[in-house]
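Colleague: First, the structure itself, so that you have it in front of you.
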Amino acid sequence: MHIILGGTGHVGSGAAAALLRRGEAVTVVTRDKANAAHLAEQGAEVAEADVRDPEALRKVLRQGRGAFLLNPPADPATDTDAEEQKTVAAIVTALAGSGLEKVVAESTYGAQPGEGIGDLSVLYGLEQKLKAQTIPASIIRAAYYMSNWDQALETARRDGIINSFFPADLRLPMVAPQDLGEAAARLLLEPVAQTRVHYVEGPKRYSSADVARAFAEALGKEVRVVTTPQERWLETYQQLGFSKSAAQSYARMTAATLDGPMQPEDPERGKITLENYVAALVEKKSALAM
């Protein structure tokens with residue numbers, strides 16, 4: 001049995017589906033079973049547990065041989081770094097006495113020590129805590145999620161624009177959640193003693209301008225990029241509902257990405273292109289709107 005945290009999110013559901021396609025037994029962990037109905041239909045077991053409750057989570061983990069660990073994003077209206085660090089601590093606490101043979105954890109390109117730089121430091125902390133405990137652990141360092149652009153569909157369709165904090169021509173490693181799910185499934189099925197840090201990105205690197213072109217093609221209309229200048233990042237994040245501390249953290253994380261995007265020498269290349277991802281997103285949203 002494989003236990004999937006964040007099993008109802010983009011990457012977690014991708015990992016669960018990839019394991020189910022391989023005939024593996026899967027339990028997805030969620031706070032609301034209704035959110036996992038589509039995975040239950042595919043054969044997954046569903047367990048309700050709060051990942052911030054180590055005892056409840058440990059009970060679920062004891063049912064498994066391996067686990068895929070995702071640290072869920074905190075509500076941006078809170079102090080996101082502090083809240084996500086608490087969740088990391090709870091997940092790692094739950095591993096003690098779980099009986100798991102192996103874990104695979106989702107981290108991010110550019111993970112690094114520091115303060116107030118969002119996932120870059122929070123997920124680096126998760127990596128270090130996993131190294132310090134006894135269960136063999138592999139780490140996926142994931143490129144920028146293509147799913148981060150999902151929210152751009154509304155403005156692309158309505159106004160013919162996508163908003164970006166990145167310069168329009170800056171190419172970044174990006175990856176589809178489904179490709180991360182496939183990677184997670186493979187790492188979980190590797191021999192227990194085989195652990196590594198594994199970088200995963202898409203078939204090539206993309207810019208915000210590429211994202212706009214992908215939406216333009218899928219929607220059949222002109223779409224352009226509107227770049228938010230750095231001096232307005234804090235203001236913009238707060239207008240989006242972020243707390244002051246979260247806005248500062250996300251702004252620093254964005255700046256770190258601009259200062260030196262991670263360029264691993266030999267990443268795994270996923271199969272899903274940005275164009276295919278956006279086309280599938282538009283088709284799905286259009287079908288739901290009918």
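Convention: chains lettered A, B, ... in structure tokens order; per-chain residue numbering from 1; ligands numbered from 1 as shown.
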Which segment 108-187 of chain A residues have any atom within 8 Å of an atom of segment 270-277 of chain A, and for each, what is the nearest pair of atoms with distance in Å to one decimal, counting only C-alpha atoms, rows sorted by chain and number, as JSON lines?

Modeller:
{"residue": "A:Met146", "atom": "CA", "partner": "A:Leu274", "partner_atom": "CA", "distance": 7.0}
{"residue": "A:Val175", "atom": "CA", "partner": "A:Gly270", "partner_atom": "CA", "distance": 7.0}
{"residue": "A:Ala176", "atom": "CA", "partner": "A:Ile272", "partner_atom": "CA", "distance": 6.3}
{"residue": "A:Gln178", "atom": "CA", "partner": "A:Ile272", "partner_atom": "CA", "distance": 8.0}
{"residue": "A:Asp179", "atom": "CA", "partner": "A:Gly270", "partner_atom": "CA", "distance": 5.3}
{"residue": "A:Leu180", "atom": "CA", "partner": "A:Gly270", "partner_atom": "CA", "distance": 7.8}

Colleague: Skip Gln63 of chain A itself and residues of its chain fewer than 5 positions away, then list as JSON, numbers by chain all residues within 9 Å of it, counting only C-alpha atoms.

Modeller: {"A": [1, 2, 3, 27, 58, 98, 99, 100]}

Colleague: Include N, CA and C atoms and write out the residues we just selected as a PDB file, in the first residue's frame.

Modeller:
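Final output, saved to part-v4.pdb:
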ATOM      1  N   MET A   1       0.842  -1.198   0.000  1.00  0.00           N
ATOM      2  CA  MET A   1       0.000   0.000   0.000  1.00  0.00           C
ATOM      3  C   MET A   1       0.876   1.246   0.000  1.00  0.00           C
ATOM      4  N   HIS A   2       0.515   2.216  -0.831  1.00  0.00           N
ATOM      5  CA  HIS A   2       1.204   3.503  -0.885  1.00  0.00           C
ATOM      6  C   HIS A   2       0.261   4.582  -0.360  1.00  0.00           C
ATOM      7  N   ILE A   3       0.761   5.423   0.535  1.00  0.00           N
ATOM      8  CA  ILE A   3      -0.026   6.497   1.126  1.00  0.00           C
ATOM      9  C   ILE A   3       0.348   7.797   0.431  1.00  0.00           C
ATOM     10  N   THR A  27      -3.749   4.569  -0.895  1.00  0.00           N
ATOM     11  CA  THR A  27      -4.649   5.305  -0.002  1.00  0.00           C
ATOM     12  C   THR A  27      -4.312   6.779  -0.110  1.00  0.00           C
ATOM     13  N   ARG A  58      -0.191   9.370  11.624  1.00  0.00           N
ATOM     14  CA  ARG A  58       0.602   8.154  11.834  1.00  0.00           C
ATOM     15  C   ARG A  58      -0.256   6.898  11.698  1.00  0.00           C
ATOM     16  N   SER A  98       5.901   4.952  12.257  1.00  0.00           N
ATOM     17  CA  SER A  98       4.916   4.645  11.219  1.00  0.00           C
ATOM     18  C   SER A  98       5.147   3.274  10.581  1.00  0.00           C
ATOM     19  N   GLY A  99       6.376   2.767  10.652  1.00  0.00           N
ATOM     20  CA  GLY A  99       6.696   1.490  10.015  1.00  0.00           C
ATOM     21  C   GLY A  99       6.887   1.570   8.519  1.00  0.00           C
ATOM     22  N   LEU A 100       6.894   2.759   7.952  1.00  0.00           N
ATOM     23  CA  LEU A 100       7.106   2.901   6.514  1.00  0.00           C
ATOM     24  C   LEU A 100       8.498   2.424   6.117  1.00  0.00           C
TER      25      LEU A 100
END

Colleague: Give me, as a list in words, all polymer residues having an atom no more than 6 Å from Arg141 of chain A, counting only C-alpha atoms and skipping those fewer than 6 positions away in the same chain.

Modeller: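 Selected residues are Ser107, Thr108, Tyr109, His198 and Tyr199 of chain A.
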
Colleague: Export C-alpha atoms of the chosen residues as a compact mmCIF listing (two decimals), in the first residue's frame?

Modeller:
# COMPACT_ATOMS: atom_id res chain seq x y z
CA SER A 107 10.41 19.76 -2.96
CA THR A 108 11.24 22.52 -5.43
CA TYR A 109 13.96 23.77 -7.74
CA HIS A 198 15.63 13.94 -8.55
CA TYR A 199 14.96 17.06 -10.66

Colleague: Select, from A:Gly6, A:Gly202, A:Gly220, A:Gly118, the residue with the minimum atom-to-atom distance to Glu48 of chain A, counting only C-alpha atoms.

Modeller: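 That would be A:Gly6, the residue with the smallest distance to Glu48 of chain A.
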
Colleague: Would you list, as a PyMOL selection string, the residues of segment 192-290 of chain A that end up in helix (DSSP H, G or I) under DSSP run on this structure's backbone?

Modeller: chain A and resi 208-219+230-239+244-259+274-289

Colleague: Set the distance at 12 Å and use only C-alpha atoms: which residues neighbour segment 113-115 of chain A once local chain neighbours fewer than 3 positions away are removed? I'd like the list as a list in words.

Modeller: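 Non-adjacent residues within range: Asp81, Ala82, Gln85, Gly110, Gly118, Asp119, Leu120, Ser121, Val122, Leu123, Tyr124, Gly125, Leu126, Glu127, Gln128, Ser245, Gln248, Ser249, Tyr250, Arg252, Met253 and Ala256 of chain A.
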
Colleague: Would you save the residues of that selection, restricted to C-alpha atoms, as an mmCIF file, in the first residue's frame?

Modeller:
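Output saved as part-v4.cif:
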data_model
loop_
_atom_site.group_PDB
_atom_site.id
_atom_site.type_symbol
_atom_site.label_atom_id
_atom_site.label_comp_id
_atom_site.auth_asym_id
_atom_site.auth_seq_id
_atom_site.Cartn_x
_atom_site.Cartn_y
_atom_site.Cartn_z
ATOM 1 C CA ASP A 81 6.085 30.405 6.124
ATOM 2 C CA ALA A 82 5.254 29.880 9.795
ATOM 3 C CA GLN A 85 6.845 25.030 8.816
ATOM 4 C CA GLY A 110 16.097 26.265 -5.866
ATOM 5 C CA GLY A 118 8.581 30.802 0.983
ATOM 6 C CA ASP A 119 8.800 27.282 -0.366
ATOM 7 C CA LEU A 120 12.485 27.697 -1.147
ATOM 8 C CA SER A 121 13.320 27.579 2.560
ATOM 9 C CA VAL A 122 10.283 25.670 3.880
ATOM 10 C CA LEU A 123 10.879 22.723 1.543
ATOM 11 C CA TYR A 124 14.637 22.865 2.116
ATOM 12 C CA GLY A 125 13.757 22.427 5.790
ATOM 13 C CA LEU A 126 11.631 19.403 4.897
ATOM 14 C CA GLU A 127 14.547 17.901 2.974
ATOM 15 C CA GLN A 128 16.890 18.359 5.935
ATOM 16 C CA SER A 245 4.098 38.533 5.853
ATOM 17 C CA GLN A 248 6.827 39.676 1.641
ATOM 18 C CA SER A 249 7.702 35.979 1.526
ATOM 19 C CA TYR A 250 6.291 35.434 -1.954
ATOM 20 C CA ARG A 252 11.353 37.412 -1.913
ATOM 21 C CA MET A 253 10.785 33.967 -3.442
ATOM 22 C CA ALA A 256 15.219 34.682 -5.824
#

Colleague: Residues within 12 Å of Arg232 of chain A, please, as number ranges by chain. Count only C-alpha atoms; anything in the same chain fewer than 4 positions from it doesn't count.

Modeller: A: 164-165, 227-228, 236-239, 247-248, 251
